[in-house]
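Visitor: Provided herewith: target_34.txt, compact mmCIF, C-alpha atoms and all ligand atoms.
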```txt
# COMPACT_ATOMS: atom_id res chain seq x y z
CA MET A 1 -53.02 46.62 -75.20
CA VAL A 2 -56.68 46.03 -74.28
CA SER A 3 -57.84 42.49 -74.95
CA PHE A 4 -61.30 42.22 -76.47
CA TYR A 5 -60.46 38.62 -77.33
CA PRO A 6 -63.35 36.38 -76.20
CA GLY A 7 -61.10 34.41 -73.86
CA PRO A 8 -58.53 34.55 -72.49
CA SER A 9 -59.61 38.14 -72.12
CA ARG A 10 -58.99 41.24 -70.08
CA VAL A 11 -58.58 40.48 -66.38
CA TYR A 12 -59.72 42.78 -63.56
CA ASP A 13 -57.26 45.55 -62.69
CA ALA A 14 -57.09 44.34 -59.07
CA ILE A 15 -55.51 40.98 -60.03
CA PRO A 16 -51.84 42.04 -59.52
CA ALA A 17 -52.66 43.32 -56.00
CA TYR A 18 -54.51 40.07 -55.18
CA VAL A 19 -51.52 38.03 -56.38
CA LYS A 20 -49.25 40.09 -54.13
CA ASP A 21 -51.57 39.43 -51.19
CA ALA A 22 -51.54 35.71 -52.02
CA VAL A 23 -47.74 35.64 -51.74
CA LYS A 24 -47.77 37.71 -48.55
CA GLU A 25 -50.45 35.56 -46.92
CA GLY A 26 -48.77 32.27 -47.85
CA ILE A 27 -51.61 31.19 -50.17
CA VAL A 28 -49.10 30.15 -52.84
CA SER A 29 -47.65 27.49 -50.51
CA MET A 30 -50.90 26.53 -48.84
CA ASN A 31 -51.46 22.83 -48.15
CA HIS A 32 -54.66 21.67 -49.84
CA ARG A 33 -55.56 19.43 -46.87
CA SER A 34 -55.11 22.20 -44.29
CA PRO A 35 -57.85 23.95 -42.29
CA GLU A 36 -56.85 27.17 -44.11
CA PHE A 37 -57.68 25.64 -47.48
CA ILE A 38 -60.98 24.30 -46.16
CA ALA A 39 -61.84 27.82 -44.98
CA LEU A 40 -60.95 29.23 -48.42
CA ALA A 41 -63.04 26.55 -50.16
CA LYS A 42 -66.05 27.26 -47.93
CA LYS A 43 -65.81 31.00 -48.41
CA THR A 44 -65.46 30.73 -52.20
CA ASP A 45 -68.46 28.40 -52.35
CA ARG A 46 -70.55 30.81 -50.30
CA LEU A 47 -69.56 33.83 -52.40
CA LEU A 48 -70.15 32.08 -55.74
CA LYS A 49 -73.62 31.00 -54.62
CA GLN A 50 -74.46 34.43 -53.26
CA LYS A 51 -73.13 36.54 -56.14
CA LEU A 52 -74.19 34.29 -59.04
CA SER A 53 -77.56 33.18 -57.55
CA ILE A 54 -76.67 29.50 -57.48
CA PRO A 55 -79.08 27.43 -55.35
CA LYS A 56 -77.62 26.57 -51.94
CA ASN A 57 -78.20 22.83 -52.40
CA TYR A 58 -76.02 22.66 -55.54
CA THR A 59 -72.39 21.49 -55.24
CA ILE A 60 -69.52 23.43 -56.79
CA PHE A 61 -66.44 21.54 -58.02
CA TYR A 62 -63.10 22.74 -59.37
CA ALA A 63 -61.45 21.52 -62.56
CA SER A 64 -58.62 22.93 -64.62
CA SER A 65 -60.59 23.86 -67.75
CA ALA A 66 -63.93 23.61 -69.48
CA THR A 67 -62.38 20.93 -71.68
CA GLU A 68 -61.70 18.85 -68.57
CA CYS A 69 -65.36 19.32 -67.58
CA TRP A 70 -66.44 17.90 -70.98
CA GLU A 71 -64.35 14.81 -70.31
CA ILE A 72 -65.47 14.45 -66.67
CA LEU A 73 -69.11 14.49 -67.84
CA ALA A 74 -68.43 12.01 -70.65
CA GLN A 75 -66.80 9.62 -68.19
CA SER A 76 -69.02 9.96 -65.17
CA LEU A 77 -72.44 11.23 -66.25
CA SER A 78 -73.14 10.26 -69.85
CA GLY A 79 -74.30 6.79 -68.80
CA GLU A 80 -75.92 4.85 -71.63
CA LYS A 81 -76.52 7.80 -73.88
CA SER A 82 -75.80 11.47 -74.36
CA TYR A 83 -77.43 13.88 -76.78
CA HIS A 84 -75.42 16.89 -77.93
CA LEU A 85 -77.29 19.78 -79.48
CA PHE A 86 -74.95 22.26 -81.09
CA ASN A 87 -74.62 24.92 -83.78
CA GLY A 88 -70.93 25.80 -83.50
CA ALA A 89 -67.35 24.76 -82.85
CA PHE A 90 -67.39 24.47 -79.04
CA GLY A 91 -70.55 22.38 -78.89
CA LYS A 92 -69.08 20.17 -81.59
CA LYS A 93 -65.80 19.75 -79.71
CA TRP A 94 -67.71 18.64 -76.61
CA PHE A 95 -69.52 16.08 -78.75
CA ASP A 96 -66.25 14.92 -80.39
CA TYR A 97 -64.51 14.40 -77.04
CA THR A 98 -67.52 12.48 -75.74
CA VAL A 99 -67.77 10.24 -78.83
CA ALA A 100 -64.09 9.35 -78.42
CA LEU A 101 -64.93 7.85 -75.01
CA LYS A 102 -68.56 6.85 -75.52
CA HIS A 103 -69.45 5.82 -79.06
CA GLN A 104 -73.17 5.93 -78.26
CA ALA A 105 -73.13 9.74 -77.97
CA GLU A 106 -75.40 11.40 -80.51
CA GLY A 107 -74.88 14.79 -82.14
CA ILE A 108 -77.80 16.95 -83.24
CA LEU A 109 -76.91 19.95 -85.36
CA PHE A 110 -79.05 23.08 -85.55
CA SER A 111 -78.49 26.28 -87.45
CA ARG A 112 -77.01 29.36 -85.88
CA GLU A 113 -80.02 31.59 -86.65
CA GLU A 114 -82.41 29.02 -85.16
CA ALA A 115 -83.96 29.30 -81.70
CA LEU A 116 -84.37 25.75 -80.38
CA HIS A 117 -87.86 24.33 -79.91
CA PRO A 118 -87.46 21.97 -76.96
CA GLU A 119 -90.88 20.41 -77.68
CA GLU A 120 -89.31 18.76 -80.74
CA TYR A 121 -86.76 16.93 -78.62
CA VAL A 122 -88.34 14.03 -76.78
CA PHE A 123 -85.50 11.57 -76.36
CA PRO A 124 -86.01 7.80 -76.31
CA TYR A 125 -83.33 7.20 -73.66
CA GLN A 126 -84.93 8.87 -70.66
CA GLN A 127 -81.90 8.55 -68.39
CA ALA A 128 -79.72 10.40 -70.87
CA LEU A 129 -77.36 13.31 -70.54
CA ILE A 130 -78.56 16.26 -72.64
CA CYS A 131 -75.68 18.57 -73.54
CA LEU A 132 -76.21 22.20 -74.54
CA THR A 133 -73.85 25.11 -75.05
CA GLN A 134 -75.54 28.13 -73.46
CA ASN A 135 -73.26 30.62 -75.17
CA GLU A 136 -71.56 29.41 -78.37
CA THR A 137 -68.37 31.47 -78.38
CA SER A 138 -67.47 30.58 -81.96
CA ASN A 139 -70.52 32.23 -83.55
CA GLY A 140 -72.02 34.50 -80.87
CA THR A 141 -75.31 32.71 -80.23
CA GLN A 142 -77.02 31.82 -76.98
CA VAL A 143 -79.74 29.53 -75.63
CA SER A 144 -82.10 31.40 -73.29
CA ASN A 145 -82.97 30.38 -69.73
CA ASP A 146 -86.52 29.84 -70.89
CA ILE A 147 -85.55 27.37 -73.62
CA LEU A 148 -83.35 25.44 -71.18
CA LYS A 149 -86.27 25.21 -68.80
CA ARG A 150 -88.53 23.72 -71.48
CA PHE A 151 -86.10 20.86 -72.19
CA ARG A 152 -87.01 19.41 -68.80
CA VAL A 153 -90.70 19.11 -69.63
CA ASN A 154 -90.34 16.21 -72.06
CA ASN A 155 -87.22 14.70 -70.54
CA ARG A 156 -87.93 14.51 -66.83
CA ASP A 157 -85.33 11.87 -66.00
CA ALA A 158 -82.55 13.31 -68.11
CA ILE A 159 -79.61 15.20 -66.70
CA ILE A 160 -79.22 18.52 -68.48
CA ALA A 161 -75.63 19.76 -68.75
CA VAL A 162 -74.80 23.26 -69.89
CA ASP A 163 -71.51 24.70 -71.10
CA ALA A 164 -71.65 28.34 -69.93
CA THR A 165 -67.95 29.06 -70.34
CA SER A 166 -68.35 32.42 -72.06
CA SER A 167 -71.42 33.60 -70.15
CA MET A 168 -71.22 32.51 -66.49
CA ALA A 169 -70.57 35.59 -64.30
CA GLY A 170 -71.50 37.83 -67.24
CA ILE A 171 -75.24 37.23 -67.53
CA PHE A 172 -77.96 35.88 -65.24
CA LEU A 173 -78.23 32.09 -65.55
CA ASP A 174 -81.19 30.29 -64.02
CA PHE A 175 -79.25 27.46 -62.39
CA LYS A 176 -82.43 25.70 -61.25
CA GLN A 177 -83.28 24.90 -64.87
CA ALA A 178 -80.38 22.50 -65.43
CA ASP A 179 -78.33 19.97 -63.49
CA VAL A 180 -74.75 20.70 -64.47
CA TRP A 181 -73.22 24.05 -65.41
CA PHE A 182 -69.57 24.72 -66.05
CA ALA A 183 -67.23 27.52 -67.10
CA SER A 184 -63.54 28.24 -67.10
CA VAL A 185 -62.60 31.53 -65.49
CA GLN A 186 -60.63 33.26 -68.30
CA LYS A 187 -63.80 34.63 -69.91
CA CYS A 188 -66.57 36.47 -68.02
CA PHE A 189 -64.95 35.96 -64.61
CA GLY A 190 -62.08 38.26 -65.66
CA LEU A 191 -59.41 35.95 -64.24
CA PRO A 192 -56.28 34.28 -65.63
CA ALA A 193 -56.76 30.83 -67.22
CA GLY A 194 -56.16 27.60 -65.31
CA LEU A 195 -59.36 27.00 -63.36
CA ALA A 196 -62.92 25.93 -64.12
CA VAL A 197 -65.97 25.71 -61.90
CA MET A 198 -68.58 23.00 -62.30
CA VAL A 199 -71.94 23.40 -60.58
CA CYS A 200 -74.09 20.29 -59.96
CA SER A 201 -77.67 19.87 -58.77
CA PRO A 202 -78.63 17.27 -56.14
CA LYS A 203 -80.20 15.25 -58.98
CA ALA A 204 -76.88 15.23 -60.85
CA ILE A 205 -75.04 14.05 -57.71
CA GLU A 206 -77.60 11.28 -57.27
CA ARG A 207 -77.04 10.15 -60.89
CA VAL A 208 -73.25 10.29 -60.40
CA ARG A 209 -73.59 7.96 -57.42
CA HIS A 210 -75.89 5.63 -59.33
CA ILE A 211 -73.56 5.34 -62.36
CA ASN A 212 -70.59 5.13 -59.97
CA GLU A 213 -67.82 5.42 -62.55
CA ARG A 214 -64.46 5.26 -60.78
CA LEU A 215 -61.82 4.68 -63.46
CA HIS A 216 -60.17 8.11 -63.52
CA TYR A 217 -58.43 10.49 -61.15
CA ASN A 218 -61.18 12.98 -61.94
CA SER A 219 -64.11 10.56 -61.81
CA LEU A 220 -67.05 12.44 -60.32
CA PRO A 221 -67.82 10.04 -57.42
CA ALA A 222 -64.33 10.73 -56.04
CA MET A 223 -64.77 14.47 -56.58
CA VAL A 224 -68.12 14.32 -54.75
CA ASN A 225 -66.58 12.48 -51.79
CA MET A 226 -63.74 14.99 -51.49
CA MET A 227 -65.94 18.06 -51.87
CA GLU A 228 -68.09 16.82 -48.99
CA ILE A 229 -65.08 17.71 -46.83
CA TRP A 230 -64.29 20.87 -48.89
CA GLN A 231 -61.36 19.29 -50.69
CA THR A 232 -60.29 18.11 -54.13
CA THR A 233 -58.97 14.77 -55.41
CA HIS A 234 -55.59 16.30 -56.29
CA THR A 235 -53.68 19.50 -55.47
CA PRO A 236 -55.82 22.16 -57.10
CA ASN A 237 -54.87 25.58 -58.42
CA VAL A 238 -55.07 27.19 -54.97
CA LEU A 239 -53.88 30.57 -56.22
CA ALA A 240 -56.63 30.66 -58.86
CA ILE A 241 -59.28 29.67 -56.28
CA TYR A 242 -58.01 32.48 -54.04
CA LEU A 243 -58.18 35.00 -56.92
CA LEU A 244 -61.70 33.80 -57.71
CA MET A 245 -62.67 34.34 -54.06
CA ARG A 246 -61.21 37.87 -54.06
CA VAL A 247 -62.96 38.82 -57.32
CA MET A 248 -66.28 37.41 -56.10
CA GLU A 249 -65.94 39.30 -52.82
CA LYS A 250 -65.82 42.62 -54.72
CA GLN A 251 -68.33 41.61 -57.39
CA GLU A 252 -71.81 43.05 -57.61
CA ASN A 253 -74.74 40.64 -57.73
CA ILE A 254 -75.24 38.94 -61.10
CA ARG A 255 -78.51 40.82 -61.69
CA ALA A 256 -76.58 44.11 -61.72
CA ILE A 257 -73.81 42.64 -63.89
CA HIS A 258 -76.44 41.25 -66.29
CA LYS A 259 -77.99 44.68 -66.63
CA GLN A 260 -74.65 46.24 -67.48
CA THR A 261 -73.83 43.46 -70.00
CA GLN A 262 -77.19 43.89 -71.70
CA THR A 263 -76.95 47.69 -71.78
CA ARG A 264 -73.48 47.50 -73.29
CA PHE A 265 -74.70 44.90 -75.81
CA ASN A 266 -77.56 47.18 -76.91
CA GLN A 267 -75.14 50.07 -77.15
CA TRP A 268 -72.87 47.94 -79.40
CA LYS A 269 -75.88 47.17 -81.59
CA ASP A 270 -76.76 50.86 -81.89
CA PHE A 271 -73.17 51.60 -82.77
CA LEU A 272 -73.05 48.88 -85.44
CA GLN A 273 -76.32 50.03 -86.96
CA LYS A 274 -74.66 53.37 -87.66
CA GLN A 275 -71.67 51.79 -89.40
CA LYS A 276 -72.27 51.17 -93.09
CA ASN A 277 -69.61 48.47 -93.39
CA LEU A 278 -69.99 46.53 -90.13
CA ASN A 279 -72.83 44.21 -89.11
CA LEU A 280 -73.58 41.80 -86.32
CA LEU A 281 -73.22 38.29 -87.80
CA ILE A 282 -76.31 36.91 -86.05
CA GLU A 283 -79.56 38.51 -87.19
CA ASN A 284 -82.12 36.67 -85.05
CA THR A 285 -82.44 38.81 -81.91
CA ALA A 286 -83.75 35.78 -79.98
CA VAL A 287 -80.39 34.00 -80.21
CA GLN A 288 -77.83 36.83 -80.20
CA SER A 289 -75.20 36.38 -77.51
CA TYR A 290 -74.82 39.30 -75.09
CA THR A 291 -71.20 38.49 -74.25
CA VAL A 292 -69.57 37.57 -77.59
CA LEU A 293 -70.20 39.71 -80.67
CA PRO A 294 -69.08 38.37 -84.04
CA ILE A 295 -68.98 41.23 -86.51
CA THR A 296 -69.19 40.59 -90.21
CA ALA A 297 -67.77 42.81 -92.95
CA ASP A 298 -66.33 42.76 -96.41
CA PRO A 299 -63.11 40.62 -96.40
CA LYS A 300 -60.99 43.67 -97.22
CA ASP A 301 -62.48 45.61 -94.28
CA VAL A 302 -61.88 42.63 -91.99
CA SER A 303 -58.23 42.56 -93.10
CA LEU A 304 -57.94 46.29 -92.53
CA VAL A 305 -59.44 46.07 -89.03
CA LYS A 306 -57.12 43.21 -88.14
CA ALA A 307 -54.05 44.97 -89.50
CA LYS A 308 -54.71 48.25 -87.69
CA ALA A 309 -56.30 47.14 -84.41
CA LYS A 310 -53.15 45.75 -82.86
CA LYS A 311 -51.19 48.91 -83.61
CA ALA A 312 -54.01 50.97 -82.10
CA GLY A 313 -53.80 48.90 -78.90
CA PHE A 314 -56.77 46.52 -79.31
CA LEU A 315 -56.61 42.75 -79.37
CA LEU A 316 -59.67 41.43 -81.24
CA GLY A 317 -60.87 37.85 -81.68
CA GLU A 318 -60.43 36.12 -85.01
CA GLY A 319 -63.47 34.80 -86.80
CA TYR A 320 -63.91 31.09 -86.24
CA GLY A 321 -63.32 28.44 -88.92
CA ASP A 322 -64.93 29.26 -92.25
CA LEU A 323 -66.06 32.64 -90.88
CA LYS A 324 -62.46 33.77 -90.51
CA PRO A 325 -62.14 35.92 -93.68
CA THR A 326 -65.46 37.72 -93.14
CA THR A 327 -65.76 38.18 -89.36
CA PHE A 328 -63.93 39.23 -86.24
CA ARG A 329 -65.16 38.80 -82.66
CA ILE A 330 -65.41 41.22 -79.76
CA ALA A 331 -65.86 40.20 -76.14
CA ASN A 332 -68.45 42.02 -74.05
CA PHE A 333 -67.16 40.76 -70.72
CA PRO A 334 -67.69 42.60 -67.41
CA ALA A 335 -64.00 43.35 -66.78
CA LEU A 336 -63.87 45.60 -69.85
CA GLN A 337 -64.21 49.28 -69.01
CA THR A 338 -66.64 51.69 -70.62
CA LYS A 339 -63.82 53.98 -71.74
CA GLU A 340 -62.09 51.05 -73.45
CA ILE A 341 -65.28 50.16 -75.32
CA LYS A 342 -65.69 53.80 -76.38
CA ALA A 343 -62.09 53.87 -77.60
CA LEU A 344 -62.57 50.70 -79.68
CA GLN A 345 -65.76 52.12 -81.19
CA LYS A 346 -63.96 55.33 -82.07
CA PHE A 347 -61.22 53.31 -83.76
CA LEU A 348 -63.76 51.24 -85.74
CA SER A 349 -65.84 54.23 -86.84
CA GLU A 350 -62.82 56.18 -88.03
CA LEU A 351 -61.43 53.22 -89.94
CA LYS A 352 -64.23 53.26 -92.49
CA THR A 353 -63.51 56.79 -93.64
CA LYS A 354 -60.00 55.88 -94.78
C1 LIG B 1 -63.44 28.75 -74.25
C2 LIG B 1 -64.50 27.74 -74.28
C3 LIG B 1 -64.26 26.39 -73.97
C4 LIG B 1 -62.88 25.87 -73.67
O1 LIG B 1 -62.40 26.35 -72.47
P1 LIG B 1 -61.02 25.80 -71.88
O2 LIG B 1 -60.92 26.46 -70.55
O3 LIG B 1 -59.95 26.23 -72.85
O4 LIG B 1 -61.10 24.33 -71.81
C5 LIG B 1 -65.33 25.52 -73.95
N1 LIG B 1 -66.59 25.93 -74.26
C6 LIG B 1 -66.84 27.21 -74.58
C7 LIG B 1 -68.26 27.60 -74.89
C8 LIG B 1 -65.83 28.15 -74.60
O5 LIG B 1 -66.10 29.43 -74.90
```
Show the structure stored in the file as structure tokens.
Guide:
Amino acid sequence: MVSFYPGPSRVYDAIPAYVKDAVKEGIVSMNHRSPEFIALAKKTDRLLKQKLSIPKNYTIFYASSATECWEILAQSLSGEKSYHLFNGAFGKKWFDYTVALKHQAEGILFSREEALHPEEYVFPYQQALICLTQNETSNGTQVSNDILKRFRVNNRDAIIAVDATSSMAGIFLDFKQADVWFASVQKCFGLPAGLAVMVCSPKAIERVRHINERLHYNSLPAMVNMMEIWQTTHTPNVLAIYLLMRVMEKQENIRAIHKQTQTRFNQWKDFLQKQKNLNLLIENTAVQSYTVLPITADPKDVSLVKAKAKKAGFLLGEGYGDLKPTTFRIANFPALQTKEIKALQKFLSELKTK
């Protein structure tokens, strides 16, 4: 079975061998205060920065999931006010979790075919946290690096936080243009679930220190203090960090990965154009996600695809929420192989003739 589910998704073929190595090398029993762990943490930090083009002066933290990152930010960085701009289910969930802790959070809905105009968002609370979902996995839309950059212009003192769960390590992200970026690793990283990385700018760290929220085990000031000595507040998922390090070691630079993702995305679009009964849900080319493709079709074709795909060896993503009867989703993550994509396209093109 090949998983085209947009997370958890297909993992890299080398994962079983890396897990074996981890057992052999004692990684699975490694003490998280030991010099060996510190060496692993340093190496992983260096590789992530090098391969993903993350600025050297940013700090990388570990959490267990993107959901945990939402809560960490609500607790420790939302301060007096946070603004959540969203057009889909994940952005809304982030807002909902934040409102539960901080009633002064504000949600701003935009439509999924709309490219944001940052000039329209000049926020009254200057020291706010602005929350954006770079790649909305539920509907296959994305916010470009350029748009993110323009949010800074009118909101110089704000901290800009970006959920890049289904795009980090799959496309080029301009980390300089925001203060906090996070992703769990079961999507574009091609790893098993159970780990998230959160990347913070020096300005974000400064704000964390200023707000100084210390009520939780995962309050950011404590995480900052521990990461200064390459450690975590609690026993982390050492095996997952090791697997991340091994995958990053082998990984090409993000510019090369981005090129492949974009080429494959364009190839998917060409393919869909030739299918009478299948269309990309999102029409505005300026906001189409490169890594998650929601495909819309007649409800009876969607049912047919769903019924037959599993038997043919493909796991596809369900449509999200009210899109469920008329869409299915396909991941375009780097761990997928060209021959697997070809095989899925063959399956989809033959289905229509029946
Ligand atoms: C998958 C996903 C999440 C949730 O990730 P978890 O690791 O399950 O917490 C959050 N945001 C986006 C955009 C996602 O795609």
Visitor: Of the candidates A:Lys93, A:Lys339, A:Ala222, A:Gly140, which shows the shortest atom-to-atom distance to A:Leu280, using only C-alpha atoms?
Guide: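 Of the candidates, the smallest distance to A:Leu280 is held by A:Gly140.
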Visitor: Residues within 9 Å of ligand LIG 1 (chain B) (all atoms listed in the file), as a ChimeraX atom specification?
Guide: /A:6-8,64-70,89-91,93-94,133-138,163-167,182-187,193-196
Visitor: Would you kindly return, as a ChimeraX atom specification, each protein, DNA or RNA residue with an atom no farther than 10 Å from any atom of A:Val224, considering all atoms listed in the file and excluding same-chain residues fewer than 2 positions away?
Guide: /A:59-61,200,205,208-209,219-222,226-233
Visitor: My list of candidates is A:Tyr83, A:Tyr242, A:Tyr290, A:Phe189. Which is closest to A:Thr141 when distances are computed with all atoms listed in the file?
Guide: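 Closest to A:Thr141 of all the choices is A:Tyr290.
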Visitor: Would you list the contacts of A:Gly319 as a list in words, taking every protein, DNA or RNA residue within 9 Å and counting all atoms listed in the file, but skipping same-chain residues closer than 5 positions in sequence?
Guide: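 These residues fall inside the cut-off: Ser138, Asn139, Pro294, Ile295, Thr296, Lys324, Pro325, Thr326, Thr327, Phe328 and Arg329 of chain A.
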Visitor: Using all atoms listed in the file, determine which residues lie at most 8 Å from A:Ala312, disregarding the query and same-chain residues fewer than 3 positions distant; provide the list as a list in words.
Guide: Lys308, Ala309 and Phe347 of chain A
Visitor: Box time for stretch 250-255 of chain A: axis-aligned, enclosing all its listed atoms, 4 Å extra on each side; report centre and edge lengths in Å to one decimal, as lines of an AutoDock Vina configuration file.
Guide:
```
center_x = -72.2
center_y = 41.0
center_z = -58.2
size_x = 20.7
size_y = 12.1
size_z = 15.0
```
Visitor: Quick one: distance from atom CA of A:Ile147 to atom CA of A:Ala100 in Å, one decimal?
Guide: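 Interatomic distance here is 28.4 Å.
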Visitor: Pick from A:Leu351, A:Val199, A:Leu293, A:Ala63: nearest to A:Ala331, with all atoms listed in the file counted?
Guide: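 Selected residue with least distance to A:Ala331: A:Leu293.
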Visitor: Counting only C-alpha atoms, figure out which residue out of A:Ile130, A:Ala41, A:Ala22, A:Ala17 gets nearest to A:Asn154.
Guide: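 Closest candidate: A:Ile130.
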Visitor: Determine the nearest neighbour of A:Met248 from the options A:Glu213, A:Glu120, A:Asp21, A:Asp45, counting only C-alpha atoms.
Guide: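 Ranking A:Glu213, A:Glu120, A:Asp21, A:Asp45 by distance to A:Met248, first place goes to A:Asp45.
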Visitor: Smallest atom-to-atom distance to A:Tyr62: which of A:His234, A:Arg46, A:Lys102, A:Arg207, using only C-alpha atoms?
Guide: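 Ranking A:His234, A:Arg46, A:Lys102, A:Arg207 by distance to A:Tyr62, first place goes to A:His234.
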Visitor: I need every residue sitting at most 9 Å from the point (-62.0, 38.6, -73.9) (coordinates as in the file, only C-alpha atoms considered), written as a CSV table (one decimal) with C-alpha atoms, keeping the file's coordinate frame.
Guide:
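Just written: out.csv:
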```csv
chain,number,residue,atom,x,y,z
A,3,SER,CA,-57.8,42.5,-75.0
A,4,PHE,CA,-61.3,42.2,-76.5
A,5,TYR,CA,-60.5,38.6,-77.3
A,6,PRO,CA,-63.4,36.4,-76.2
A,7,GLY,CA,-61.1,34.4,-73.9
A,8,PRO,CA,-58.5,34.6,-72.5
A,9,SER,CA,-59.6,38.1,-72.1
A,10,ARG,CA,-59.0,41.2,-70.1
A,11,VAL,CA,-58.6,40.5,-66.4
A,186,GLN,CA,-60.6,33.3,-68.3
A,187,LYS,CA,-63.8,34.6,-69.9
A,188,CYS,CA,-66.6,36.5,-68.0
A,190,GLY,CA,-62.1,38.3,-65.7
A,292,VAL,CA,-69.6,37.6,-77.6
A,315,LEU,CA,-56.6,42.8,-79.4
A,316,LEU,CA,-59.7,41.4,-81.2
A,317,GLY,CA,-60.9,37.8,-81.7
A,330,ILE,CA,-65.4,41.2,-79.8
A,331,ALA,CA,-65.9,40.2,-76.1
A,332,ASN,CA,-68.4,42.0,-74.0
A,333,PHE,CA,-67.2,40.8,-70.7
A,335,ALA,CA,-64.0,43.4,-66.8
A,336,LEU,CA,-63.9,45.6,-69.8
```
Visitor: Work out how far atom CA of A:Leu281 is from atom CA of A:Asp298, in Å to one decimal.
Guide: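 Rounded to one decimal, the two atoms are 11.9 Å apart.
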Visitor: Which neighbours of A:Arg150 fall inside 12 Å, counting only C-alpha atoms, when residues of the same chain fewer than 5 positions from it are skipped, and could you give them as a PyMOL selection string?
Guide: chain A and resi 116-122+143-145+155-156+160+177-178
Visitor: As a list in words, please: the residues near A:Phe172 (cut-off 8 Å, only C-alpha atoms, same-chain neighbours under 3 positions excluded).
Guide: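 The residues that qualify are Leu52, Met168, Ala169, Ile254, Arg255 and His258 of chain A.
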Visitor: If I take atom CA of A:Thr291 and atom CA of A:Val153, how far is one from the other in Å, to one decimal?
Guide: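 Computing the Euclidean distance for atom CA of A:Thr291 and atom CA of A:Val153 yields 27.9 Å.
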Visitor: Using all atoms listed in the file, give me every residue within 12 Å of (-64.9, 53.8, -88.9) in file coordinates, as a PyMOL selection string.
Guide: chain A and resi 271-272+274-278+301-302+304-305+308-309+343-354
